[in-house]
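Below: query_14.cif (mmCIF, C-alpha atoms)
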data_input
loop_
_atom_site.label_atom_id
_atom_site.label_comp_id
_atom_site.auth_asym_id
_atom_site.auth_seq_id
_atom_site.Cartn_x
_atom_site.Cartn_y
_atom_site.Cartn_z
CA MET A 1 -12.24 -2.21 22.69
CA GLY A 2 -10.80 -2.35 19.18
CA THR A 3 -7.43 -4.00 18.62
CA LEU A 4 -6.15 -0.76 17.04
CA ASP A 5 -7.86 1.78 19.28
CA GLY A 6 -5.97 5.06 19.36
CA LYS A 7 -3.71 4.20 16.43
CA ILE A 8 -3.33 6.67 13.57
CA ALA A 9 -2.93 5.11 10.12
CA LEU A 10 -1.88 6.47 6.75
CA VAL A 11 -3.21 4.37 3.85
CA SER A 12 -2.25 5.49 0.35
CA GLY A 13 -4.49 4.58 -2.56
CA SER A 14 -7.40 3.86 -0.27
CA GLY A 15 -10.29 5.13 -2.36
CA ARG A 16 -10.72 1.89 -4.26
CA GLY A 17 -9.93 -1.82 -4.28
CA ILE A 18 -7.41 -3.27 -1.86
CA GLY A 19 -6.53 0.11 -0.33
CA ARG A 20 -10.17 0.83 0.44
CA ALA A 21 -10.53 -2.60 2.04
CA ILE A 22 -7.43 -1.96 4.16
CA ALA A 23 -8.72 1.42 5.33
CA LEU A 24 -12.12 -0.04 6.24
CA LYS A 25 -10.48 -2.95 8.05
CA LEU A 26 -8.19 -0.76 10.15
CA ALA A 27 -10.98 1.70 10.92
CA SER A 28 -13.34 -1.10 11.95
CA HIS A 29 -10.81 -2.09 14.60
CA GLY A 30 -10.45 1.42 16.01
CA ALA A 31 -7.72 3.09 13.96
CA ARG A 32 -8.12 6.69 12.85
CA VAL A 33 -7.33 6.66 9.16
CA VAL A 34 -5.94 9.18 6.69
CA ILE A 35 -7.51 8.24 3.35
CA ASN A 36 -5.81 8.98 0.05
CA ASP A 37 -6.81 8.70 -3.57
CA LEU A 38 -5.83 10.39 -6.80
CA ASP A 39 -9.45 11.50 -7.24
CA PRO A 40 -11.67 13.18 -4.63
CA GLU A 41 -14.83 11.12 -5.27
CA PRO A 42 -13.53 7.66 -4.25
CA ALA A 43 -11.64 9.17 -1.32
CA GLU A 44 -14.84 10.83 -0.11
CA GLU A 45 -16.77 7.58 -0.54
CA THR A 46 -14.33 5.66 1.66
CA LEU A 47 -14.36 8.50 4.18
CA THR A 48 -18.16 8.50 4.31
CA THR A 49 -18.32 4.72 4.73
CA ILE A 50 -15.92 4.81 7.67
CA LYS A 51 -17.75 7.64 9.39
CA ALA A 52 -21.15 6.00 8.83
CA ALA A 53 -19.83 2.94 10.68
CA GLY A 54 -18.74 5.10 13.62
CA GLY A 55 -15.07 5.37 12.70
CA GLU A 56 -12.77 8.34 12.33
CA ALA A 57 -11.10 9.36 9.09
CA VAL A 58 -9.86 12.32 7.08
CA ALA A 59 -8.90 12.57 3.41
CA CYS A 60 -5.69 13.72 1.75
CA VAL A 61 -6.45 13.77 -1.97
CA GLY A 62 -3.74 13.80 -4.63
CA SER A 63 -1.13 11.80 -6.47
CA VAL A 64 1.46 10.07 -4.32
CA THR A 65 3.98 10.95 -7.03
CA ASP A 66 3.61 14.71 -6.52
CA GLU A 67 6.73 16.25 -4.98
CA ASP A 68 4.86 17.76 -2.04
CA PHE A 69 2.52 14.83 -1.43
CA ALA A 70 4.49 12.96 1.25
CA ASP A 71 4.78 16.05 3.44
CA ARG A 72 1.06 16.83 2.98
CA PHE A 73 0.09 13.23 3.79
CA VAL A 74 2.08 13.11 7.01
CA ALA A 75 1.03 16.64 8.00
CA THR A 76 -2.63 15.68 7.61
CA ALA A 77 -2.20 12.93 10.20
CA VAL A 78 -0.17 15.08 12.59
CA ASP A 79 -2.40 18.14 12.31
CA THR A 80 -5.65 16.16 12.62
CA TYR A 81 -4.76 13.41 15.07
CA GLY A 82 -1.38 14.30 16.55
CA GLY A 83 0.93 11.64 15.12
CA VAL A 84 1.42 8.51 13.03
CA ASP A 85 1.42 4.89 14.20
CA ILE A 86 0.78 2.88 11.03
CA VAL A 87 1.83 3.50 7.42
CA ILE A 88 0.47 1.39 4.56
CA ASN A 89 2.14 2.09 1.21
CA ASN A 90 -0.49 0.70 -1.14
CA ALA A 91 -1.09 3.15 -4.02
CA GLY A 92 -0.25 1.96 -7.50
CA TYR A 93 -1.29 0.58 -10.86
CA THR A 94 0.26 -1.43 -13.70
CA TRP A 95 1.33 -0.31 -17.17
CA ASP A 96 2.51 -3.43 -18.93
CA SER A 97 4.62 -4.14 -21.99
CA VAL A 98 7.42 -6.48 -23.03
CA ILE A 99 10.76 -4.79 -22.50
CA GLN A 100 11.55 -4.06 -26.16
CA LYS A 101 8.31 -2.07 -26.42
CA MET A 102 8.42 -0.44 -22.98
CA THR A 103 9.05 3.29 -23.06
CA ASP A 104 11.06 5.33 -20.57
CA GLU A 105 7.77 6.97 -19.60
CA GLN A 106 6.25 3.59 -18.70
CA TRP A 107 9.31 2.59 -16.71
CA ASP A 108 9.57 5.88 -14.83
CA ALA A 109 5.83 6.13 -14.09
CA ILE A 110 5.66 2.70 -12.46
CA LEU A 111 8.92 3.09 -10.52
CA ASP A 112 7.71 6.49 -9.31
CA VAL A 113 4.37 5.28 -7.94
CA HIS A 114 5.47 1.93 -6.52
CA LEU A 115 8.93 2.73 -5.18
CA LYS A 116 9.80 6.43 -5.13
CA ALA A 117 6.48 7.47 -3.57
CA PRO A 118 6.76 5.00 -0.65
CA PHE A 119 10.37 6.12 -0.14
CA ARG A 120 9.26 9.74 0.08
CA ILE A 121 6.40 8.96 2.47
CA LEU A 122 8.67 6.99 4.78
CA ARG A 123 11.33 9.68 4.64
CA ALA A 124 8.73 12.30 5.55
CA VAL A 125 7.31 10.31 8.45
CA GLN A 126 10.67 9.46 10.05
CA PRO A 127 11.08 12.71 12.02
CA VAL A 128 7.58 12.29 13.46
CA ILE A 129 8.05 8.67 14.47
CA GLY A 130 11.65 9.17 15.62
CA ALA A 131 10.85 12.10 17.89
CA ARG A 132 7.84 10.38 19.41
CA ALA A 133 9.75 7.13 19.99
CA LYS A 134 12.66 8.92 21.69
CA ALA A 135 10.27 10.78 24.00
CA GLU A 136 8.45 7.55 24.88
CA GLN A 137 11.65 5.66 25.54
CA ALA A 138 12.95 8.49 27.73
CA GLY A 139 9.82 8.01 29.81
CA GLY A 140 10.32 4.26 30.04
CA LEU A 141 7.77 3.36 27.38
CA ARG A 142 8.22 1.17 24.31
CA VAL A 143 5.43 1.67 21.79
CA HIS A 144 5.53 -0.37 18.59
CA ARG A 145 4.59 1.28 15.30
CA LYS A 146 3.92 -0.52 12.05
CA ILE A 147 4.96 -0.02 8.44
CA VAL A 148 3.44 -2.35 5.84
CA ASN A 149 4.67 -1.92 2.29
CA ILE A 150 2.78 -3.61 -0.52
CA SER A 151 4.81 -5.81 -2.85
CA SER A 152 3.78 -8.57 -5.24
CA ILE A 153 4.76 -12.09 -6.23
CA ALA A 154 5.94 -10.36 -9.42
CA GLY A 155 8.57 -8.65 -7.26
CA LEU A 156 9.69 -11.99 -5.85
CA GLY A 157 9.74 -14.09 -9.02
CA GLY A 158 9.21 -11.72 -11.94
CA ASN A 159 6.34 -11.67 -14.42
CA ALA A 160 6.49 -11.50 -18.20
CA GLY A 161 5.41 -8.13 -19.54
CA GLN A 162 6.01 -6.42 -16.20
CA ALA A 163 9.68 -5.50 -16.06
CA ASN A 164 8.81 -2.10 -14.59
CA TYR A 165 6.31 -3.38 -12.01
CA SER A 166 8.42 -6.39 -11.02
CA ALA A 167 11.50 -4.20 -10.54
CA ALA A 168 9.56 -1.71 -8.43
CA LYS A 169 8.04 -4.42 -6.25
CA ALA A 170 11.43 -6.08 -5.80
CA GLY A 171 12.75 -2.69 -4.76
CA ILE A 172 10.03 -2.42 -2.13
CA VAL A 173 11.34 -5.63 -0.57
CA GLY A 174 14.82 -4.12 -0.34
CA LEU A 175 13.43 -0.90 1.14
CA THR A 176 11.43 -2.89 3.68
CA LYS A 177 14.38 -4.96 4.86
CA THR A 178 16.64 -1.91 5.09
CA LEU A 179 14.19 0.15 7.17
CA ALA A 180 13.56 -2.82 9.47
CA LYS A 181 17.25 -2.52 10.36
CA GLU A 182 17.29 1.29 10.53
CA TRP A 183 14.08 1.72 12.52
CA GLY A 184 14.27 -1.17 14.97
CA ARG A 185 15.73 1.24 17.52
CA TYR A 186 12.46 3.17 17.35
CA ALA A 187 10.41 0.00 17.97
CA VAL A 188 9.03 0.20 14.43
CA ASN A 189 8.11 -3.06 12.72
CA VAL A 190 8.68 -2.80 8.97
CA ASN A 191 7.21 -5.60 6.86
CA ALA A 192 5.77 -6.16 3.41
CA VAL A 193 2.84 -8.09 1.98
CA ALA A 194 3.37 -9.59 -1.48
CA TYR A 195 0.06 -10.17 -3.20
CA GLY A 196 -0.75 -12.89 -5.65
CA LEU A 197 -3.87 -12.75 -7.79
CA ILE A 198 -6.45 -10.47 -6.14
CA ARG A 199 -9.71 -9.59 -7.91
CA THR A 200 -9.82 -5.81 -8.40
CA ARG A 201 -10.79 -3.45 -11.21
CA LEU A 202 -7.30 -4.03 -12.66
CA THR A 203 -7.95 -7.76 -13.14
CA GLU A 204 -11.72 -8.04 -13.52
CA ALA A 205 -12.02 -6.45 -16.97
CA ALA A 206 -11.39 -8.62 -20.02
CA ALA A 207 -8.05 -7.92 -21.69
CA ASP A 208 -9.68 -7.54 -25.11
CA SER A 209 -12.17 -4.94 -23.86
CA ASP A 210 -11.74 -1.18 -24.01
CA SER A 211 -11.43 -0.90 -20.22
CA THR A 212 -8.96 1.75 -19.11
CA ILE A 213 -8.17 3.77 -16.03
CA ASP A 214 -7.26 7.43 -16.10
CA VAL A 215 -4.01 8.21 -14.32
CA GLN A 216 -3.28 11.94 -14.50
CA GLY A 217 -4.44 12.17 -18.10
CA ARG A 218 -2.95 8.85 -19.21
CA GLN A 219 -5.43 6.21 -20.35
CA ILE A 220 -3.94 2.96 -19.01
CA LYS A 221 -5.43 -0.25 -20.36
CA VAL A 222 -6.44 -2.77 -17.71
CA GLY A 223 -7.77 -6.29 -17.69
CA VAL A 224 -6.71 -9.92 -17.98
CA ASN A 225 -7.67 -12.40 -20.67
CA PRO A 226 -10.48 -14.54 -19.16
CA GLY A 227 -8.77 -17.75 -20.26
CA LEU A 228 -5.51 -16.64 -18.67
CA LEU A 229 -7.35 -15.62 -15.50
CA THR A 230 -8.89 -19.09 -15.26
CA ALA A 231 -5.50 -20.72 -15.85
CA MET A 232 -3.93 -18.52 -13.18
CA GLU A 233 -6.60 -19.51 -10.67
CA GLN A 234 -6.02 -23.19 -11.42
CA MET A 235 -2.37 -22.75 -10.42
CA ILE A 236 -3.36 -21.39 -7.01
CA PRO A 237 -3.50 -24.16 -4.38
CA LEU A 238 -6.67 -22.67 -2.86
CA GLY A 239 -8.20 -22.72 -6.35
CA ARG A 240 -9.30 -19.09 -6.69
CA ALA A 241 -8.21 -15.48 -6.68
CA GLY A 242 -8.30 -13.57 -3.42
CA THR A 243 -10.72 -10.80 -2.50
CA PRO A 244 -9.75 -7.26 -1.48
CA GLU A 245 -11.03 -8.07 2.00
CA GLU A 246 -8.70 -11.07 2.24
CA ALA A 247 -5.84 -8.92 0.98
CA ALA A 248 -6.62 -6.39 3.72
CA GLY A 249 -6.55 -9.16 6.31
CA ALA A 250 -2.88 -9.86 5.60
CA VAL A 251 -2.01 -6.22 6.23
CA TYR A 252 -4.11 -6.15 9.40
CA LEU A 253 -2.17 -9.11 10.83
CA LEU A 254 1.05 -7.11 10.59
CA CYS A 255 -0.54 -4.13 12.39
CA LEU A 256 -1.58 -6.10 15.47
CA PRO A 257 0.33 -6.11 18.77
CA GLU A 258 0.80 -9.84 18.23
CA SER A 259 3.24 -8.98 15.42
CA ASP A 260 5.49 -6.83 17.62
CA TYR A 261 8.46 -9.21 17.18
CA ILE A 262 8.04 -9.66 13.42
CA SER A 263 10.08 -7.26 11.28
CA GLY A 264 11.89 -7.26 7.96
CA GLN A 265 9.64 -9.98 6.57
CA VAL A 266 7.64 -10.48 3.38
CA VAL A 267 4.31 -12.25 3.83
CA VAL A 268 2.93 -13.75 0.62
CA CYS A 269 -0.84 -13.40 0.39
CA GLY A 270 -1.46 -15.60 -2.63
CA GLY A 271 -3.60 -18.55 -1.67
CA GLY A 272 -0.57 -20.83 -1.52
CA TYR A 273 0.92 -19.70 -4.84
CA SER A 274 4.44 -18.29 -4.63
#

Turn the structure described in the file into C-alpha coordinates.
Amino acid sequence: MGTLDGKIALVSGSGRGIGRAIALKLASHGARVVINDLDPEPAEETLTTIKAAGGEAVACVGSVTDEDFADRFVATAVDTYGGVDIVINNAGYTWDSVIQKMTDEQWDAILDVHLKAPFRILRAVQPVIGARAKAEQAGGLRVHRKIVNISSIAGLGGNAGQANYSAAKAGIVGLTKTLAKEWGRYAVNVNAVAYGLIRTRLTEAAADSDSTIDVQGRQIKVGVNPGLLTAMEQMIPLGRAGTPEEAAGAVYLLCLPESDYISGQVVVCGGGYS
(Lines of atoms letter the chains of each structure in order from A and count residues from 1; the text may use other names and numbers.)
(Lines give C-alpha, C1' and ligand atoms only; values in the text may rest on other atoms or scores of the structure.)
Protein backbone atom coordinates (compact mmCIF):
# COMPACT_ATOMS: atom_id res chain seq x y z
CA MET A 1 0.00 0.00 0.00
CA GLY A 2 1.32 3.43 -0.94
CA THR A 3 1.22 6.23 1.62
CA LEU A 4 -0.78 8.35 -0.84
CA ASP A 5 -2.98 5.68 -2.38
CA GLY A 6 -6.21 7.12 -3.75
CA LYS A 7 -5.07 10.74 -3.48
CA ILE A 8 -5.42 13.04 -6.48
CA ALA A 9 -2.65 15.62 -6.88
CA LEU A 10 -2.26 18.72 -9.02
CA VAL A 11 1.40 19.63 -9.62
CA SER A 12 2.06 22.75 -11.68
CA GLY A 13 5.32 23.05 -13.59
CA SER A 14 5.93 19.32 -13.38
CA GLY A 15 7.53 18.66 -16.75
CA ARG A 16 11.02 19.52 -15.59
CA GLY A 17 13.26 19.98 -12.58
CA ILE A 18 11.79 20.15 -9.09
CA GLY A 19 8.19 19.87 -10.31
CA ARG A 20 8.96 16.70 -12.22
CA ALA A 21 10.67 15.23 -9.16
CA ILE A 22 7.62 16.10 -7.03
CA ALA A 23 5.22 14.48 -9.50
CA LEU A 24 7.33 11.31 -9.69
CA LYS A 25 7.62 11.19 -5.89
CA LEU A 26 3.89 11.52 -5.29
CA ALA A 27 3.06 9.04 -8.03
CA SER A 28 5.56 6.51 -6.69
CA HIS A 29 3.63 6.54 -3.41
CA GLY A 30 0.25 5.98 -5.03
CA ALA A 31 -1.09 9.42 -5.90
CA ARG A 32 -2.82 10.01 -9.22
CA VAL A 33 -1.16 13.09 -10.64
CA VAL A 34 -2.23 15.87 -12.98
CA ILE A 35 0.95 16.95 -14.75
CA ASN A 36 1.43 20.46 -16.09
CA ASP A 37 4.06 22.16 -18.18
CA LEU A 38 4.16 25.13 -20.51
CA ASP A 39 5.32 22.81 -23.31
CA PRO A 40 3.76 19.48 -24.30
CA GLU A 41 7.02 17.51 -24.71
CA PRO A 42 8.28 17.65 -21.10
CA ALA A 43 4.76 17.11 -19.78
CA GLU A 44 4.43 14.00 -21.94
CA GLU A 45 7.84 12.76 -20.79
CA THR A 46 6.85 13.00 -17.12
CA LEU A 47 3.52 11.36 -17.90
CA THR A 48 5.21 8.48 -19.72
CA THR A 49 7.70 7.95 -16.88
CA ILE A 50 4.93 7.72 -14.30
CA LYS A 51 2.87 5.31 -16.37
CA ALA A 52 5.91 3.14 -17.15
CA ALA A 53 6.43 2.74 -13.40
CA GLY A 54 2.83 1.63 -12.94
CA GLY A 55 1.42 4.95 -11.78
CA GLU A 56 -1.54 7.01 -12.95
CA ALA A 57 -1.27 10.46 -14.47
CA VAL A 58 -2.83 12.84 -16.96
CA ALA A 59 -1.46 16.04 -18.49
CA CYS A 60 -2.87 19.56 -18.56
CA VAL A 61 -0.53 21.53 -20.82
CA GLY A 62 -0.37 25.32 -20.83
CA SER A 63 0.82 28.41 -19.04
CA VAL A 64 -0.35 28.80 -15.45
CA THR A 65 -0.67 32.52 -16.18
CA ASP A 66 -3.40 32.03 -18.80
CA GLU A 67 -6.77 33.34 -17.59
CA ASP A 68 -8.54 30.03 -18.12
CA PHE A 69 -5.73 27.79 -16.88
CA ALA A 70 -6.79 27.36 -13.25
CA ASP A 71 -10.28 26.19 -14.21
CA ARG A 72 -8.85 23.80 -16.83
CA PHE A 73 -6.31 22.41 -14.34
CA VAL A 74 -8.90 21.70 -11.67
CA ALA A 75 -11.42 20.37 -14.22
CA THR A 76 -8.83 17.91 -15.53
CA ALA A 77 -8.51 16.38 -12.07
CA VAL A 78 -12.25 16.33 -11.41
CA ASP A 79 -13.21 14.99 -14.83
CA THR A 80 -10.48 12.32 -14.86
CA TYR A 81 -10.29 11.21 -11.24
CA GLY A 82 -13.28 12.73 -9.47
CA GLY A 83 -11.72 15.30 -7.15
CA VAL A 84 -8.64 16.97 -5.72
CA ASP A 85 -6.73 16.05 -2.55
CA ILE A 86 -3.31 17.64 -3.02
CA VAL A 87 -2.27 20.89 -4.73
CA ILE A 88 1.38 21.75 -5.33
CA ASN A 89 1.93 25.27 -6.67
CA ASN A 90 5.40 24.88 -8.15
CA ALA A 91 5.53 26.48 -11.62
CA GLY A 92 7.85 29.41 -12.10
CA TYR A 93 11.12 30.88 -13.30
CA THR A 94 13.34 33.87 -12.51
CA TRP A 95 13.94 37.04 -14.51
CA ASP A 96 16.53 38.99 -12.58
CA SER A 97 17.71 42.58 -12.56
CA VAL A 98 18.61 45.27 -10.03
CA ILE A 99 15.58 47.42 -9.32
CA GLN A 100 16.68 50.50 -11.27
CA LYS A 101 16.93 48.38 -14.42
CA MET A 102 13.88 46.19 -13.82
CA THR A 103 11.02 46.83 -16.20
CA ASP A 104 7.31 46.70 -15.42
CA GLU A 105 7.17 43.68 -17.73
CA GLN A 106 9.75 41.83 -15.62
CA TRP A 107 7.95 42.69 -12.41
CA ASP A 108 4.51 41.73 -13.69
CA ALA A 109 5.67 38.49 -15.34
CA ILE A 110 7.27 37.14 -12.18
CA LEU A 111 4.43 38.23 -9.88
CA ASP A 112 1.95 36.65 -12.30
CA VAL A 113 3.62 33.22 -12.40
CA HIS A 114 4.68 32.95 -8.77
CA LEU A 115 1.78 34.61 -6.96
CA LYS A 116 -1.23 35.35 -9.14
CA ALA A 117 -1.26 31.89 -10.75
CA PRO A 118 -1.25 30.03 -7.39
CA PHE A 119 -3.99 32.38 -6.15
CA ARG A 120 -6.13 31.55 -9.18
CA ILE A 121 -5.54 27.79 -8.84
CA LEU A 122 -6.47 27.82 -5.16
CA ARG A 123 -9.52 29.97 -5.84
CA ALA A 124 -10.63 27.54 -8.54
CA VAL A 125 -10.15 24.45 -6.37
CA GLN A 126 -11.98 25.81 -3.31
CA PRO A 127 -15.52 24.89 -4.45
CA VAL A 128 -14.37 21.33 -5.16
CA ILE A 129 -12.61 20.87 -1.84
CA GLY A 130 -15.25 22.75 0.15
CA ALA A 131 -18.16 20.73 -1.21
CA ARG A 132 -16.38 17.42 -0.70
CA ALA A 133 -15.31 18.32 2.84
CA LYS A 134 -18.83 19.38 3.85
CA ALA A 135 -20.28 16.12 2.49
CA GLU A 136 -17.65 14.07 4.33
CA GLN A 137 -18.16 15.91 7.59
CA ALA A 138 -21.94 15.48 7.31
CA GLY A 139 -21.28 11.75 7.14
CA GLY A 140 -19.01 11.83 10.17
CA LEU A 141 -15.75 11.73 8.23
CA ARG A 142 -12.76 14.06 8.49
CA VAL A 143 -10.45 13.74 5.50
CA HIS A 144 -7.34 15.91 5.41
CA ARG A 145 -6.27 17.50 2.13
CA LYS A 146 -2.94 19.15 1.47
CA ILE A 147 -1.82 22.37 -0.17
CA VAL A 148 1.93 22.93 -0.55
CA ASN A 149 2.97 26.26 -2.02
CA ILE A 150 6.56 26.72 -3.15
CA SER A 151 8.42 29.70 -1.74
CA SER A 152 12.13 30.47 -1.47
CA ILE A 153 14.66 31.73 1.03
CA ALA A 154 14.63 34.83 -1.21
CA GLY A 155 11.05 35.35 -0.05
CA LEU A 156 12.10 35.10 3.58
CA GLY A 157 15.26 37.21 3.53
CA GLY A 158 15.43 38.89 0.12
CA ASN A 159 18.07 38.46 -2.57
CA ALA A 160 19.94 41.14 -4.49
CA GLY A 161 18.80 41.36 -8.10
CA GLN A 162 15.51 39.60 -7.37
CA ALA A 163 13.09 42.24 -6.14
CA ASN A 164 10.32 40.73 -8.26
CA TYR A 165 10.98 37.10 -7.30
CA SER A 166 11.56 37.87 -3.61
CA ALA A 167 8.34 39.89 -3.42
CA ALA A 168 6.36 37.12 -5.10
CA LYS A 169 7.78 34.43 -2.83
CA ALA A 170 7.12 36.56 0.25
CA GLY A 171 3.57 36.95 -1.00
CA ILE A 172 3.22 33.17 -1.22
CA VAL A 173 4.02 32.97 2.49
CA GLY A 174 1.21 35.42 3.24
CA LEU A 175 -1.19 33.52 1.00
CA THR A 176 -0.24 30.24 2.70
CA LYS A 177 -0.81 31.54 6.21
CA THR A 178 -4.12 33.15 5.27
CA LEU A 179 -5.54 30.02 3.63
CA ALA A 180 -4.42 27.90 6.58
CA LYS A 181 -6.83 30.02 8.63
CA GLU A 182 -9.60 30.06 6.02
CA TRP A 183 -9.48 26.37 5.12
CA GLY A 184 -8.89 24.75 8.49
CA ARG A 185 -12.63 24.18 8.76
CA TYR A 186 -12.36 21.96 5.69
CA ALA A 187 -9.53 19.92 7.25
CA VAL A 188 -7.11 21.31 4.66
CA ASN A 189 -3.47 21.68 5.68
CA VAL A 190 -1.89 24.65 3.90
CA ASN A 191 1.89 24.90 4.13
CA ALA A 192 4.83 26.16 2.10
CA VAL A 193 8.32 24.90 1.32
CA ALA A 194 10.99 27.58 0.93
CA TYR A 195 13.87 26.29 -1.15
CA GLY A 196 17.48 27.26 -0.83
CA LEU A 197 19.99 26.43 -3.54
CA ILE A 198 18.71 23.49 -5.61
CA ARG A 199 20.56 22.33 -8.73
CA THR A 200 18.24 22.71 -11.72
CA ARG A 201 18.56 23.99 -15.28
CA LEU A 202 18.12 27.51 -13.87
CA THR A 203 21.29 27.23 -11.77
CA GLU A 204 23.45 24.70 -13.62
CA ALA A 205 24.34 26.88 -16.62
CA ALA A 206 27.22 29.33 -16.28
CA ALA A 207 26.08 32.94 -15.96
CA ASP A 208 28.42 34.07 -18.74
CA SER A 209 27.08 31.49 -21.20
CA ASP A 210 24.33 32.04 -23.75
CA SER A 211 21.95 29.71 -21.90
CA THR A 212 18.34 30.86 -22.02
CA ILE A 213 14.89 29.43 -21.54
CA ASP A 214 11.94 30.28 -23.74
CA VAL A 215 8.92 31.48 -21.80
CA GLN A 216 6.06 32.28 -24.19
CA GLY A 217 8.39 33.87 -26.72
CA ARG A 218 10.62 35.60 -24.17
CA GLN A 219 14.24 34.46 -24.08
CA ILE A 220 15.10 34.52 -20.36
CA LYS A 221 18.78 34.24 -19.48
CA VAL A 222 19.57 31.60 -16.86
CA GLY A 223 22.65 30.49 -15.00
CA VAL A 224 24.85 31.34 -12.03
CA ASN A 225 28.49 32.37 -12.07
CA PRO A 226 30.48 29.20 -11.18
CA GLY A 227 32.52 31.09 -8.60
CA LEU A 228 29.37 32.45 -6.99
CA LEU A 229 27.80 28.99 -7.05
CA THR A 230 30.81 27.57 -5.21
CA ALA A 231 30.69 30.40 -2.68
CA MET A 232 26.98 29.83 -2.13
CA GLU A 233 27.56 26.13 -1.50
CA GLN A 234 30.27 26.93 1.04
CA MET A 235 27.72 28.95 3.03
CA ILE A 236 25.38 25.96 3.27
CA PRO A 237 25.96 23.98 6.48
CA LEU A 238 25.57 20.68 4.61
CA GLY A 239 28.21 21.91 2.15
CA ARG A 240 26.36 21.46 -1.14
CA ALA A 241 23.32 22.39 -3.17
CA GLY A 242 20.26 20.18 -2.96
CA THR A 243 18.96 17.88 -5.67
CA PRO A 244 15.46 18.03 -7.21
CA GLU A 245 14.74 14.70 -5.53
CA GLU A 246 15.63 16.14 -2.12
CA ALA A 247 13.48 19.17 -2.87
CA ALA A 248 10.59 16.83 -3.69
CA GLY A 249 11.09 15.03 -0.40
CA ALA A 250 10.26 18.19 1.56
CA VAL A 251 6.96 18.53 -0.29
CA TYR A 252 6.17 14.84 0.20
CA LEU A 253 6.57 15.19 3.98
CA LEU A 254 3.80 17.80 4.02
CA CYS A 255 1.49 15.51 2.01
CA LEU A 256 1.67 12.59 4.43
CA PRO A 257 -1.00 11.75 7.03
CA GLU A 258 1.69 12.34 9.65
CA SER A 259 1.48 16.06 8.84
CA ASP A 260 -2.27 16.30 9.52
CA TYR A 261 -1.75 18.70 12.46
CA ILE A 262 0.80 20.92 10.70
CA SER A 263 -0.67 23.95 8.93
CA GLY A 264 0.28 27.53 8.17
CA GLN A 265 3.99 26.72 8.31
CA VAL A 266 7.00 27.40 6.09
CA VAL A 267 9.54 24.58 5.93
CA VAL A 268 12.97 25.69 4.72
CA CYS A 269 14.61 23.09 2.50
CA GLY A 270 18.07 24.60 2.26
CA GLY A 271 20.61 22.27 3.78
CA GLY A 272 20.72 24.32 6.98
CA TYR A 273 21.03 27.70 5.25
CA SER A 274 18.30 30.20 6.09

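Minimum atom-to-atom distances from A:Tyr186, A:Leu4, A:Glu41, A:Ser63 to A:Lys134 were compared using all atoms listed in the file, and the lowest value belongs to A:Tyr186.
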
Check: Residues picked by the PyMOL selection byres ((chain A and resi 93) around 12) here, as a VMD selection string?
Finding: chain A and resid 13 16 to 19 38 64 90 to 92 94 to 96 106 109 to 115 150 to 152 162 164 to 166 168 to 169 200 to 203 212 to 215 218 to 223

Checklist line | For atom CA of A:Gln126 and atom CA of A:Asp5, the interatomic separation in Å (one decimal) | finding: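 These atoms are spaced 22.1 Å apart.
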
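Taking atom CA of A:Ser14 as the reference point, atom CA of A:Asn36 is found at 5.4 Å.
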
Note to self: Could you list, as a ChimeraX atom specification, every residue within 9 Å of A:Gln265, counting all atoms listed in the file and ignoring same-chain residues fewer than 5 positions away?
What the structure shows: /A:173,176-177,180,190-193

Check: So which residues get picked by the PyMOL selection byres ((chain A and resi 65-78) around 6) here, written as a PyMOL selection string?
Finding: chain A and resi 63-64+79-83+113+117+120-121+124

Notebook entry, point to check: For A:Glu182, which of A:Arg123, A:Leu24, A:Gln100, A:Thr3 is the closest residue, counting all atoms listed in the file?
Noted result: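 Going through A:Arg123, A:Leu24, A:Gln100, A:Thr3 one by one, the smallest distance to A:Glu182 is for A:Arg123.
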
Report, as JSON, the axis-aligned box around all atoms of stretch 6-20 of chain A present in the file, extended by 8 Å on each side; give centre and edge lengths in Å to one decimal place.
{"center_x": -6.3, "center_y": 1.7, "center_z": 7.5, "size_x": 24.8, "size_y": 25.9, "size_z": 39.6}

Check: Can you tell me, as a count of residues only, what residues are no more than 12 Å from A:Glu258 when counting only C-alpha atoms, ignoring any on the same chain fewer than 2 positions away?
Finding: 14

Notebook entry, point to check: Just so the selection is clear, what residues does the PyMOL selection byres ((chain A and resi 270) around 7) cover here, as an NGL selection string?
Noted result: :A and (195-197 or 268-269 or 271-274)

Checklist line | Selected residue of minimal separation from A:Ala23 among A:Leu47, A:Leu175, A:Val125, A:Leu238, counting all atoms listed in the file | finding: A:Leu47

Check: Looking at all atoms listed in the file, which of A:Ala170, A:Met1, A:Leu141, A:Val98 is the one that sits closest to A:Gly158?
Finding: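 Smallest distance to A:Gly158 is found for A:Ala170.
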
Within 9 Å of (5.6, 13.4, 17.1) in the file's own coordinates, which protein, DNA or RNA residues have an atom, counting only C-alpha atoms? List them as a short mmCIF file (atom, residue, chain, number, x, y, z; two decimals) with C-alpha atoms, in the coordinates of the input.
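Output (point.cif):
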data_model
loop_
_atom_site.label_atom_id
_atom_site.label_comp_id
_atom_site.auth_asym_id
_atom_site.auth_seq_id
_atom_site.Cartn_x
_atom_site.Cartn_y
_atom_site.Cartn_z
CA VAL A 78 -0.17 15.08 12.59
CA GLY A 82 -1.38 14.30 16.55
CA GLY A 83 0.93 11.64 15.12
CA VAL A 84 1.42 8.51 13.03
CA PRO A 127 11.08 12.71 12.02
CA VAL A 128 7.58 12.29 13.46
CA ILE A 129 8.05 8.67 14.47
CA GLY A 130 11.65 9.17 15.62
CA ALA A 131 10.85 12.10 17.89
CA ARG A 132 7.84 10.38 19.41
CA ALA A 133 9.75 7.13 19.99
CA ALA A 135 10.27 10.78 24.00
#

Next item on the list: Could you please determine the separation between atom CA of A:Pro40 and atom CA of A:Gly249 in Å, to one decimal place?
Entry: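 Separating atom CA of A:Pro40 from atom CA of A:Gly249 is a distance of 25.4 Å.
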
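Of the residues under consideration (A:Gly155, A:Pro118, A:Pro42, A:Gly139), A:Gly155 shows the shortest atom-to-atom contact distance to A:Ala167 when counting only C-alpha atoms.
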
Check: Which one is closest to A:Glu246: A:Ile172, A:Leu10, A:Ala21, A:Leu26? Count all atoms listed in the file.
Finding: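 Counting all atoms listed in the file, the residue closest to A:Glu246 is A:Ala21.
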
Check: Could you tell me, as a PyMOL selection string, which residues have any atom at most 6 Å from (-10.3, 10.3, 8.3), counting only C-alpha atoms?
Finding: chain A and resi 33-34+56-59
